[in-house]
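Participant: Got a structure for you, questions after.
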Amino acid sequence: MSHWFLQARLKTRQLLLLSALAEEGNIHGAARQLNMTQPAASKLLKDLEDVLEVPLFERLPRGMRPTWYGETMIRHARQALASLNQAHEELSALKAGRFGQVAVGAITSPALALLPPAIAMVKREQPSLRVVLEIENSPPLLERLRQGKLDIAVARFFAGEDKTNLRYEPVTGEPVCAVARPGHPLAGASGLTLADVVQAGWIVPPAGSVLRHRFDLMFQEAGLEPPFNVIESAAILFITRMLQQSDMLCVVATEVARYYAAHGIVSVLPLDMPCHMDDFGLITRSDRLLSPGATLLLQALRTAAFSAYGKRMEA
């Protein structure tokens, strides 16, 4: 392998400078952030541009803007710095007698069904492993994975998604259902159809989301106009509270609905909802090695997937 960065004598401070310039937008602010003089920062940048033989930033009357070359280097600089920070954290943890850290992000449904048993398995084997969990939608999770801020994402890819340097192991699809408050007039109805609920108030995913598109399409394919009395929100705390205080309905992932129904917070309506979501899966970076803690959690997620969904996954 040709280590060009050794020949170029690439400095860590140059990586820091690229990241600071992207944040500050000017050499003065970046130099101040790194506690160096402006001339020293300018020389570091010029030396790097000379070695790469490309301009990394456009010099504007009031600041600097990354070129396409600059955007590329900034992205990789941030990844390298994140990896170095992670290495330091792992070494510090090992020296302190801990097993290290793993950061995992998940969409809501597997966060309820898959993560708890997987993390419990890991903590039984390595109680000192620090586990950091984020629950979010897929796009921000994938972005944080690319930035090196997550080791594993339990999420889904959408059409047009850049899958470069990402490894995907499918787990299962995600059916959805309609829920309402306990005691809702429709909760005990029989033979419920979409025509019976089209005039109801609905809490639905935000416009532009995949589930919202499929929700509207479901009514259209049944020869109905989509519900017009809607609230757009994906915030589960607001949704459950709003349902308790009204006769509104909501479309949610079936796994999420079962969890809240088991706690008496919602009732699942006997209504067929064919607007299911696509498969989600375990997503990791293919261009970097997992830490021991992340490797342990990934295997635990595979084991938990078999228990939760009957899906056997191989390493």
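As shown in the structure tokens, the chain order sets the letters A, B, ...; within each chain, residues go from 1, and ligands are also counted from 1 in the order they appear.
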List the spatial neighbours of Leu301 in chain A as an mmCIF file with N, CA and C atoms, in the first residue's frame - criterion: any atom at most 9 Å away, only C-alpha atoms, same-chain residues fewer than 6 positions off excluded.

Facilitator:
data_model
loop_
_atom_site.group_PDB
_atom_site.id
_atom_site.type_symbol
_atom_site.label_atom_id
_atom_site.label_comp_id
_atom_site.auth_asym_id
_atom_site.auth_seq_id
_atom_site.Cartn_x
_atom_site.Cartn_y
_atom_site.Cartn_z
ATOM 1 N N LEU A 114 -35.217 -5.272 19.633
ATOM 2 C CA LEU A 114 -33.918 -5.896 19.351
ATOM 3 C C LEU A 114 -32.811 -5.429 20.292
ATOM 4 N N LEU A 115 -32.762 -4.136 20.554
ATOM 5 C CA LEU A 115 -31.649 -3.599 21.338
ATOM 6 C C LEU A 115 -31.639 -4.060 22.795
ATOM 7 N N PRO A 117 -32.614 -6.889 24.454
ATOM 8 C CA PRO A 117 -32.014 -8.213 24.709
ATOM 9 C C PRO A 117 -30.556 -8.299 24.261
ATOM 10 N N ALA A 118 -30.215 -7.601 23.162
ATOM 11 C CA ALA A 118 -28.827 -7.640 22.688
ATOM 12 C C ALA A 118 -27.891 -6.962 23.688
ATOM 13 N N ILE A 119 -28.292 -5.800 24.177
ATOM 14 C CA ILE A 119 -27.446 -5.073 25.132
ATOM 15 C C ILE A 119 -27.368 -5.840 26.445
ATOM 16 N N LEU A 282 -28.804 -4.374 10.003
ATOM 17 C CA LEU A 282 -27.615 -3.977 10.753
ATOM 18 C C LEU A 282 -26.640 -3.350 9.764
#

Participant: So which bits of range 45-233 of chain A end up alpha helix (DSSP H) when you DSSP the backbone, as a PDB file with N, CA and C atoms, in the first residue's frame?

Facilitator:
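Listing of result-v7.pdb after writing:
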ATOM      1  N   LEU A  45      -2.186  25.311   5.621  1.00  0.00           N
ATOM      2  CA  LEU A  45      -3.138  25.060   4.540  1.00  0.00           C
ATOM      3  C   LEU A  45      -2.443  25.092   3.191  1.00  0.00           C
ATOM      4  N   LYS A  46      -1.567  26.077   2.982  1.00  0.00           N
ATOM      5  CA  LYS A  46      -0.858  26.186   1.701  1.00  0.00           C
ATOM      6  C   LYS A  46       0.025  24.971   1.457  1.00  0.00           C
ATOM      7  N   ASP A  47       0.705  24.509   2.507  1.00  0.00           N
ATOM      8  CA  ASP A  47       1.561  23.323   2.366  1.00  0.00           C
ATOM      9  C   ASP A  47       0.739  22.113   1.944  1.00  0.00           C
ATOM     10  N   LEU A  48      -0.450  21.963   2.527  1.00  0.00           N
ATOM     11  CA  LEU A  48      -1.299  20.822   2.187  1.00  0.00           C
ATOM     12  C   LEU A  48      -1.807  20.937   0.751  1.00  0.00           C
ATOM     13  N   GLU A  49      -2.208  22.134   0.335  1.00  0.00           N
ATOM     14  CA  GLU A  49      -2.674  22.324  -1.044  1.00  0.00           C
ATOM     15  C   GLU A  49      -1.543  22.086  -2.037  1.00  0.00           C
ATOM     16  N   ASP A  50      -0.335  22.495  -1.678  1.00  0.00           N
ATOM     17  CA  ASP A  50       0.816  22.280  -2.574  1.00  0.00           C
ATOM     18  C   ASP A  50       1.091  20.793  -2.750  1.00  0.00           C
ATOM     19  N   VAL A  51       1.002  20.019  -1.664  1.00  0.00           N
ATOM     20  CA  VAL A  51       1.256  18.586  -1.741  1.00  0.00           C
ATOM     21  C   VAL A  51       0.179  17.892  -2.570  1.00  0.00           C
ATOM     22  N   LEU A  52      -1.089  18.271  -2.337  1.00  0.00           N
ATOM     23  CA  LEU A  52      -2.201  17.634  -3.044  1.00  0.00           C
ATOM     24  C   LEU A  52      -2.359  18.155  -4.465  1.00  0.00           C
ATOM     25  N   TRP A  68     -14.769  21.330  -4.097  1.00  0.00           N
ATOM     26  CA  TRP A  68     -15.111  19.911  -4.046  1.00  0.00           C
ATOM     27  C   TRP A  68     -13.944  19.098  -3.491  1.00  0.00           C
ATOM     28  N   TYR A  69     -12.723  19.500  -3.850  1.00  0.00           N
ATOM     29  CA  TYR A  69     -11.549  18.831  -3.282  1.00  0.00           C
ATOM     30  C   TYR A  69     -11.544  19.019  -1.760  1.00  0.00           C
ATOM     31  N   GLY A  70     -11.847  20.243  -1.349  1.00  0.00           N
ATOM     32  CA  GLY A  70     -11.860  20.544   0.072  1.00  0.00           C
ATOM     33  C   GLY A  70     -12.919  19.760   0.817  1.00  0.00           C
ATOM     34  N   GLU A  71     -14.124  19.653   0.243  1.00  0.00           N
ATOM     35  CA  GLU A  71     -15.193  18.886   0.882  1.00  0.00           C
ATOM     36  C   GLU A  71     -14.758  17.437   1.101  1.00  0.00           C
ATOM     37  N   THR A  72     -14.073  16.882   0.108  1.00  0.00           N
ATOM     38  CA  THR A  72     -13.602  15.501   0.220  1.00  0.00           C
ATOM     39  C   THR A  72     -12.588  15.358   1.340  1.00  0.00           C
ATOM     40  N   MET A  73     -11.608  16.261   1.380  1.00  0.00           N
ATOM     41  CA  MET A  73     -10.585  16.182   2.416  1.00  0.00           C
ATOM     42  C   MET A  73     -11.154  16.450   3.803  1.00  0.00           C
ATOM     43  N   ILE A  74     -12.100  17.373   3.898  1.00  0.00           N
ATOM     44  CA  ILE A  74     -12.723  17.660   5.198  1.00  0.00           C
ATOM     45  C   ILE A  74     -13.435  16.419   5.728  1.00  0.00           C
ATOM     46  N   ARG A  75     -14.172  15.745   4.843  1.00  0.00           N
ATOM     47  CA  ARG A  75     -14.901  14.541   5.271  1.00  0.00           C
ATOM     48  C   ARG A  75     -13.940  13.482   5.795  1.00  0.00           C
ATOM     49  N   HIS A  76     -12.847  13.244   5.065  1.00  0.00           N
ATOM     50  CA  HIS A  76     -11.898  12.221   5.494  1.00  0.00           C
ATOM     51  C   HIS A  76     -11.091  12.673   6.704  1.00  0.00           C
ATOM     52  N   ALA A  77     -10.821  13.970   6.801  1.00  0.00           N
ATOM     53  CA  ALA A  77     -10.113  14.485   7.978  1.00  0.00           C
ATOM     54  C   ALA A  77     -10.944  14.243   9.235  1.00  0.00           C
ATOM     55  N   ARG A  78     -12.225  14.511   9.145  1.00  0.00           N
ATOM     56  CA  ARG A  78     -13.100  14.306  10.307  1.00  0.00           C
ATOM     57  C   ARG A  78     -13.187  12.831  10.685  1.00  0.00           C
ATOM     58  N   GLN A  79     -13.221  11.976   9.669  1.00  0.00           N
ATOM     59  CA  GLN A  79     -13.257  10.541   9.954  1.00  0.00           C
ATOM     60  C   GLN A  79     -11.975  10.095  10.641  1.00  0.00           C
ATOM     61  N   ALA A  80     -10.834  10.602  10.152  1.00  0.00           N
ATOM     62  CA  ALA A  80      -9.550  10.230  10.750  1.00  0.00           C
ATOM     63  C   ALA A  80      -9.453  10.726  12.184  1.00  0.00           C
ATOM     64  N   LEU A  81      -9.887  11.954  12.432  1.00  0.00           N
ATOM     65  CA  LEU A  81      -9.837  12.512  13.783  1.00  0.00           C
ATOM     66  C   LEU A  81     -10.773  11.749  14.722  1.00  0.00           C
ATOM     67  N   ALA A  82     -11.951  11.384  14.214  1.00  0.00           N
ATOM     68  CA  ALA A  82     -12.889  10.615  15.036  1.00  0.00           C
ATOM     69  C   ALA A  82     -12.306   9.255  15.395  1.00  0.00           C
ATOM     70  N   SER A  83     -11.612   8.638  14.436  1.00  0.00           N
ATOM     71  CA  SER A  83     -10.988   7.340  14.687  1.00  0.00           C
ATOM     72  C   SER A  83      -9.877   7.455  15.725  1.00  0.00           C
ATOM     73  N   LEU A  84      -9.079   8.527  15.640  1.00  0.00           N
ATOM     74  CA  LEU A  84      -8.014   8.743  16.624  1.00  0.00           C
ATOM     75  C   LEU A  84      -8.592   8.982  18.014  1.00  0.00           C
ATOM     76  N   ASN A  85      -9.673   9.753  18.092  1.00  0.00           N
ATOM     77  CA  ASN A  85     -10.333   9.972  19.380  1.00  0.00           C
ATOM     78  C   ASN A  85     -10.869   8.668  19.951  1.00  0.00           C
ATOM     79  N   GLN A  86     -11.431   7.847  19.065  1.00  0.00           N
ATOM     80  CA  GLN A  86     -11.968   6.564  19.511  1.00  0.00           C
ATOM     81  C   GLN A  86     -10.844   5.667  20.020  1.00  0.00           C
ATOM     82  N   ALA A  87      -9.696   5.688  19.332  1.00  0.00           N
ATOM     83  CA  ALA A  87      -8.552   4.887  19.774  1.00  0.00           C
ATOM     84  C   ALA A  87      -8.111   5.309  21.173  1.00  0.00           C
ATOM     85  N   HIS A  88      -8.065   6.625  21.406  1.00  0.00           N
ATOM     86  CA  HIS A  88      -7.659   7.120  22.724  1.00  0.00           C
ATOM     87  C   HIS A  88      -8.652   6.690  23.796  1.00  0.00           C
ATOM     88  N   GLU A  89      -9.953   6.771  23.485  1.00  0.00           N
ATOM     89  CA  GLU A  89     -10.973   6.372  24.448  1.00  0.00           C
ATOM     90  C   GLU A  89     -10.871   4.890  24.777  1.00  0.00           C
ATOM     91  N   GLU A  90     -10.628   4.066  23.758  1.00  0.00           N
ATOM     92  CA  GLU A  90     -10.506   2.632  23.986  1.00  0.00           C
ATOM     93  C   GLU A  90      -9.282   2.310  24.834  1.00  0.00           C
ATOM     94  N   LEU A  91      -8.149   2.966  24.533  1.00  0.00           N
ATOM     95  CA  LEU A  91      -6.933   2.734  25.316  1.00  0.00           C
ATOM     96  C   LEU A  91      -7.122   3.172  26.762  1.00  0.00           C
ATOM     97  N   SER A  92      -7.756   4.328  26.947  1.00  0.00           N
ATOM     98  CA  SER A  92      -7.998   4.820  28.306  1.00  0.00           C
ATOM     99  C   SER A  92      -8.890   3.858  29.077  1.00  0.00           C
ATOM    100  N   ALA A  93      -9.910   3.328  28.391  1.00  0.00           N
ATOM    101  CA  ALA A  93     -10.819   2.389  29.043  1.00  0.00           C
ATOM    102  C   ALA A  93     -10.092   1.106  29.425  1.00  0.00           C
ATOM    103  N   LEU A  94      -9.254   0.594  28.523  1.00  0.00           N
ATOM    104  CA  LEU A  94      -8.512  -0.634  28.807  1.00  0.00           C
ATOM    105  C   LEU A  94      -7.555  -0.438  29.972  1.00  0.00           C
ATOM    106  N   LYS A  95      -6.881   0.721  29.995  1.00  0.00           N
ATOM    107  CA  LYS A  95      -5.955   1.006  31.099  1.00  0.00           C
ATOM    108  C   LYS A  95      -6.693   1.103  32.426  1.00  0.00           C
ATOM    109  N   THR A 108     -36.992   3.312  15.864  1.00  0.00           N
ATOM    110  CA  THR A 108     -37.767   3.023  17.063  1.00  0.00           C
ATOM    111  C   THR A 108     -38.138   1.552  17.230  1.00  0.00           C
ATOM    112  N   SER A 109     -38.606   0.899  16.174  1.00  0.00           N
ATOM    113  CA  SER A 109     -39.101  -0.470  16.313  1.00  0.00           C
ATOM    114  C   SER A 109     -38.030  -1.435  16.818  1.00  0.00           C
ATOM    115  N   PRO A 110     -36.868  -1.540  16.173  1.00  0.00           N
ATOM    116  CA  PRO A 110     -35.841  -2.430  16.727  1.00  0.00           C
ATOM    117  C   PRO A 110     -35.241  -1.919  18.032  1.00  0.00           C
ATOM    118  N   ALA A 111     -35.343  -0.614  18.284  1.00  0.00           N
ATOM    119  CA  ALA A 111     -34.882  -0.102  19.573  1.00  0.00           C
ATOM    120  C   ALA A 111     -35.680  -0.711  20.716  1.00  0.00           C
ATOM    121  N   LEU A 112     -36.931  -1.078  20.449  1.00  0.00           N
ATOM    122  CA  LEU A 112     -37.779  -1.699  21.460  1.00  0.00           C
ATOM    123  C   LEU A 112     -37.632  -3.215  21.490  1.00  0.00           C
ATOM    124  N   ALA A 113     -37.524  -3.841  20.314  1.00  0.00           N
ATOM    125  CA  ALA A 113     -37.573  -5.304  20.252  1.00  0.00           C
ATOM    126  C   ALA A 113     -36.191  -5.959  20.205  1.00  0.00           C
ATOM    127  N   LEU A 115     -32.762  -4.136  20.554  1.00  0.00           N
ATOM    128  CA  LEU A 115     -31.649  -3.599  21.338  1.00  0.00           C
ATOM    129  C   LEU A 115     -31.639  -4.060  22.795  1.00  0.00           C
ATOM    130  N   PRO A 116     -32.775  -4.035  23.518  1.00  0.00           N
ATOM    131  CA  PRO A 116     -32.711  -4.439  24.938  1.00  0.00           C
ATOM    132  C   PRO A 116     -32.131  -5.840  25.164  1.00  0.00           C
ATOM    133  N   PRO A 117     -32.614  -6.889  24.454  1.00  0.00           N
ATOM    134  CA  PRO A 117     -32.014  -8.213  24.709  1.00  0.00           C
ATOM    135  C   PRO A 117     -30.556  -8.299  24.261  1.00  0.00           C
ATOM    136  N   ALA A 118     -30.215  -7.601  23.162  1.00  0.00           N
ATOM    137  CA  ALA A 118     -28.827  -7.640  22.688  1.00  0.00           C
ATOM    138  C   ALA A 118     -27.891  -6.962  23.688  1.00  0.00           C
ATOM    139  N   ILE A 119     -28.292  -5.800  24.177  1.00  0.00           N
ATOM    140  CA  ILE A 119     -27.446  -5.073  25.132  1.00  0.00           C
ATOM    141  C   ILE A 119     -27.368  -5.840  26.445  1.00  0.00           C
ATOM    142  N   ALA A 120     -28.461  -6.468  26.857  1.00  0.00           N
ATOM    143  CA  ALA A 120     -28.439  -7.275  28.082  1.00  0.00           C
ATOM    144  C   ALA A 120     -27.436  -8.417  27.958  1.00  0.00           C
ATOM    145  N   MET A 121     -27.388  -9.070  26.788  1.00  0.00           N
ATOM    146  CA  MET A 121     -26.418 -10.145  26.545  1.00  0.00           C
ATOM    147  C   MET A 121     -24.991  -9.630  26.691  1.00  0.00           C
ATOM    148  N   VAL A 122     -24.744  -8.475  26.072  1.00  0.00           N
ATOM    149  CA  VAL A 122     -23.405  -7.897  26.090  1.00  0.00           C
ATOM    150  C   VAL A 122     -22.995  -7.527  27.512  1.00  0.00           C
ATOM    151  N   LYS A 123     -23.916  -6.924  28.258  1.00  0.00           N
ATOM    152  CA  LYS A 123     -23.578  -6.482  29.615  1.00  0.00           C
ATOM    153  C   LYS A 123     -23.351  -7.668  30.562  1.00  0.00           C
ATOM    154  N   ARG A 124     -24.004  -8.788  30.287  1.00  0.00           N
ATOM    155  CA  ARG A 124     -23.727  -9.978  31.099  1.00  0.00           C
ATOM    156  C   ARG A 124     -22.307 -10.473  30.868  1.00  0.00           C
ATOM    157  N   GLU A 125     -21.850 -10.393  29.623  1.00  0.00           N
ATOM    158  CA  GLU A 125     -20.508 -10.871  29.288  1.00  0.00           C
ATOM    159  C   GLU A 125     -19.428  -9.857  29.637  1.00  0.00           C
ATOM    160  N   SER A 138     -33.707   6.949  10.146  1.00  0.00           N
ATOM    161  CA  SER A 138     -32.574   6.355   9.432  1.00  0.00           C
ATOM    162  C   SER A 138     -31.573   7.377   8.867  1.00  0.00           C
ATOM    163  N   PRO A 139     -32.012   8.444   8.178  1.00  0.00           N
ATOM    164  CA  PRO A 139     -31.016   9.346   7.564  1.00  0.00           C
ATOM    165  C   PRO A 139     -30.011   9.933   8.552  1.00  0.00           C
ATOM    166  N   PRO A 140     -30.435  10.500   9.707  1.00  0.00           N
ATOM    167  CA  PRO A 140     -29.422  11.010  10.633  1.00  0.00           C
ATOM    168  C   PRO A 140     -28.551   9.916  11.238  1.00  0.00           C
ATOM    169  N   LEU A 141     -29.095   8.715  11.413  1.00  0.00           N
ATOM    170  CA  LEU A 141     -28.278   7.623  11.930  1.00  0.00           C
ATOM    171  C   LEU A 141     -27.175   7.254  10.941  1.00  0.00           C
ATOM    172  N   LEU A 142     -27.524   7.181   9.661  1.00  0.00           N
ATOM    173  CA  LEU A 142     -26.526   6.829   8.646  1.00  0.00           C
ATOM    174  C   LEU A 142     -25.470   7.920   8.527  1.00  0.00           C
ATOM    175  N   GLU A 143     -25.870   9.167   8.666  1.00  0.00           N
ATOM    176  CA  GLU A 143     -24.900  10.256   8.609  1.00  0.00           C
ATOM    177  C   GLU A 143     -23.924  10.177   9.783  1.00  0.00           C
ATOM    178  N   ARG A 144     -24.430   9.868  10.963  1.00  0.00           N
ATOM    179  CA  ARG A 144     -23.556   9.751  12.128  1.00  0.00           C
ATOM    180  C   ARG A 144     -22.656   8.531  12.016  1.00  0.00           C
ATOM    181  N   LEU A 145     -23.143   7.484  11.358  1.00  0.00           N
ATOM    182  CA  LEU A 145     -22.304   6.310  11.107  1.00  0.00           C
ATOM    183  C   LEU A 145     -21.156   6.678  10.169  1.00  0.00           C
ATOM    184  N   ARG A 146     -21.466   7.414   9.116  1.00  0.00           N
ATOM    185  CA  ARG A 146     -20.417   7.848   8.175  1.00  0.00           C
ATOM    186  C   ARG A 146     -19.389   8.754   8.852  1.00  0.00           C
ATOM    187  N   LEU A 194     -60.951   0.786   5.633  1.00  0.00           N
ATOM    188  CA  LEU A 194     -60.401   2.138   5.466  1.00  0.00           C
ATOM    189  C   LEU A 194     -61.517   3.169   5.300  1.00  0.00           C
ATOM    190  N   ALA A 195     -62.616   2.782   4.667  1.00  0.00           N
ATOM    191  CA  ALA A 195     -63.746   3.709   4.487  1.00  0.00           C
ATOM    192  C   ALA A 195     -64.322   4.151   5.834  1.00  0.00           C
ATOM    193  N   ASP A 196     -64.171   3.310   6.860  1.00  0.00           N
ATOM    194  CA  ASP A 196     -64.711   3.639   8.187  1.00  0.00           C
ATOM    195  C   ASP A 196     -63.852   4.659   8.932  1.00  0.00           C
ATOM    196  N   VAL A 197     -62.596   4.833   8.494  1.00  0.00           N
ATOM    197  CA  VAL A 197     -61.681   5.698   9.256  1.00  0.00           C
ATOM    198  C   VAL A 197     -61.177   6.886   8.438  1.00  0.00           C
ATOM    199  N   VAL A 210     -41.350   8.228   3.761  1.00  0.00           N
ATOM    200  CA  VAL A 210     -41.796   7.053   3.016  1.00  0.00           C
ATOM    201  C   VAL A 210     -43.125   6.541   3.551  1.00  0.00           C
ATOM    202  N   LEU A 211     -43.245   6.459   4.873  1.00  0.00           N
ATOM    203  CA  LEU A 211     -44.487   5.930   5.447  1.00  0.00           C
ATOM    204  C   LEU A 211     -45.674   6.836   5.139  1.00  0.00           C
ATOM    205  N   ARG A 212     -45.463   8.155   5.156  1.00  0.00           N
ATOM    206  CA  ARG A 212     -46.568   9.068   4.833  1.00  0.00           C
ATOM    207  C   ARG A 212     -47.022   8.849   3.392  1.00  0.00           C
ATOM    208  N   HIS A 213     -46.073   8.709   2.482  1.00  0.00           N
ATOM    209  CA  HIS A 213     -46.418   8.468   1.078  1.00  0.00           C
ATOM    210  C   HIS A 213     -47.235   7.185   0.941  1.00  0.00           C
ATOM    211  N   ARG A 214     -46.817   6.141   1.618  1.00  0.00           N
ATOM    212  CA  ARG A 214     -47.509   4.859   1.503  1.00  0.00           C
ATOM    213  C   ARG A 214     -48.858   4.888   2.211  1.00  0.00           C
ATOM    214  N   PHE A 215     -48.949   5.663   3.281  1.00  0.00           N
ATOM    215  CA  PHE A 215     -50.227   5.830   3.992  1.00  0.00           C
ATOM    216  C   PHE A 215     -51.250   6.483   3.071  1.00  0.00           C
ATOM    217  N   ASP A 216     -50.874   7.591   2.427  1.00  0.00           N
ATOM    218  CA  ASP A 216     -51.790   8.267   1.500  1.00  0.00           C
ATOM    219  C   ASP A 216     -52.141   7.369   0.320  1.00  0.00           C
ATOM    220  N   LEU A 217     -51.131   6.676  -0.198  1.00  0.00           N
ATOM    221  CA  LEU A 217     -51.342   5.803  -1.352  1.00  0.00           C
ATOM    222  C   LEU A 217     -52.298   4.660  -1.015  1.00  0.00           C
ATOM    223  N   MET A 218     -52.248   4.166   0.200  1.00  0.00           N
ATOM    224  CA  MET A 218     -53.119   3.080   0.646  1.00  0.00           C
ATOM    225  C   MET A 218     -54.593   3.472   0.484  1.00  0.00           C
ATOM    226  N   PHE A 219     -54.938   4.703   0.884  1.00  0.00           N
ATOM    227  CA  PHE A 219     -56.312   5.168   0.741  1.00  0.00           C
ATOM    228  C   PHE A 219     -56.661   5.366  -0.739  1.00  0.00           C
ATOM    229  N   GLN A 220     -55.737   5.934  -1.498  1.00  0.00           N
ATOM    230  CA  GLN A 220     -55.986   6.182  -2.918  1.00  0.00           C
ATOM    231  C   GLN A 220     -56.234   4.876  -3.664  1.00  0.00           C
ATOM    232  N   GLU A 221     -55.466   3.836  -3.333  1.00  0.00           N
ATOM    233  CA  GLU A 221     -55.644   2.547  -3.998  1.00  0.00           C
ATOM    234  C   GLU A 221     -56.971   1.896  -3.605  1.00  0.00           C
TER     235      GLU A 221
END

Participant: Report as a list in words all protein, DNA and RNA residues lying within 12 Å of Thr254 in chain A, evaluated on only C-alpha atoms, omitting residues in the same chain fewer than 4 positions from it.

Facilitator: Thr108, Ser109, Pro110, Leu112, Ala113, Gly173, Glu174, Pro175, Val176, Cys177, Ala178, Val179, Cys250, Arg258, Tyr259, Tyr260, Ala261, Val266, Ser267, Val268, Leu269, Leu271, Asp272, Met273, Pro274, Cys275, His276 and Met277 of chain A

Participant: Just checking: using only C-alpha atoms, which residue out of A:Val102, A:Val171, A:Ala187, A:Val132 ends up closest to Ala305 in chain A?

Facilitator: A:Val171

Participant: Record the distance separating CA of Glu255 in chain A and CA of Pro127 in chain A, expressed in Å with one decimal.

Facilitator: 28.0 Å

Participant: What's around Ile283 in chain A at 7 Å? Count only C-alpha atoms, leave out sequence neighbours fewer than 5 positions away in its own chain, and write the answer as a PDB file with N, CA, C and O atoms, in the first residue's frame.

Facilitator:
ATOM      1  N   ILE A 152     -22.472   1.119  14.932  1.00  0.00           N
ATOM      2  CA  ILE A 152     -23.497   0.272  14.313  1.00  0.00           C
ATOM      3  C   ILE A 152     -24.787   1.075  14.213  1.00  0.00           C
ATOM      4  O   ILE A 152     -25.134   1.813  15.142  1.00  0.00           O
ATOM      5  N   ALA A 153     -25.483   0.935  13.092  1.00  0.00           N
ATOM      6  CA  ALA A 153     -26.811   1.531  12.956  1.00  0.00           C
ATOM      7  C   ALA A 153     -27.804   0.413  12.630  1.00  0.00           C
ATOM      8  O   ALA A 153     -27.530  -0.434  11.777  1.00  0.00           O
ATOM      9  N   VAL A 154     -28.907   0.395  13.340  1.00  0.00           N
ATOM     10  CA  VAL A 154     -30.000  -0.527  13.022  1.00  0.00           C
ATOM     11  C   VAL A 154     -31.050   0.336  12.332  1.00  0.00           C
ATOM     12  O   VAL A 154     -31.849   1.015  12.977  1.00  0.00           O
ATOM     13  N   LEU A 166     -20.481   1.113   3.216  1.00  0.00           N
ATOM     14  CA  LEU A 166     -21.418   0.661   4.231  1.00  0.00           C
ATOM     15  C   LEU A 166     -21.778  -0.807   3.977  1.00  0.00           C
ATOM     16  O   LEU A 166     -22.038  -1.207   2.841  1.00  0.00           O
ATOM     17  N   ARG A 167     -21.795  -1.586   5.025  1.00  0.00           N
ATOM     18  CA  ARG A 167     -22.154  -3.002   4.949  1.00  0.00           C
ATOM     19  C   ARG A 167     -23.547  -3.183   5.560  1.00  0.00           C
ATOM     20  O   ARG A 167     -23.813  -2.683   6.653  1.00  0.00           O
ATOM     21  N   TYR A 168     -24.435  -3.898   4.848  1.00  0.00           N
ATOM     22  CA  TYR A 168     -25.842  -4.031   5.264  1.00  0.00           C
ATOM     23  C   TYR A 168     -26.213  -5.499   5.420  1.00  0.00           C
ATOM     24  O   TYR A 168     -26.014  -6.303   4.512  1.00  0.00           O
ATOM     25  N   GLU A 169     -26.750  -5.852   6.593  1.00  0.00           N
ATOM     26  CA  GLU A 169     -27.266  -7.196   6.851  1.00  0.00           C
ATOM     27  C   GLU A 169     -28.769  -7.077   7.122  1.00  0.00           C
ATOM     28  O   GLU A 169     -29.172  -6.583   8.184  1.00  0.00           O
TER      29      GLU A 169
END
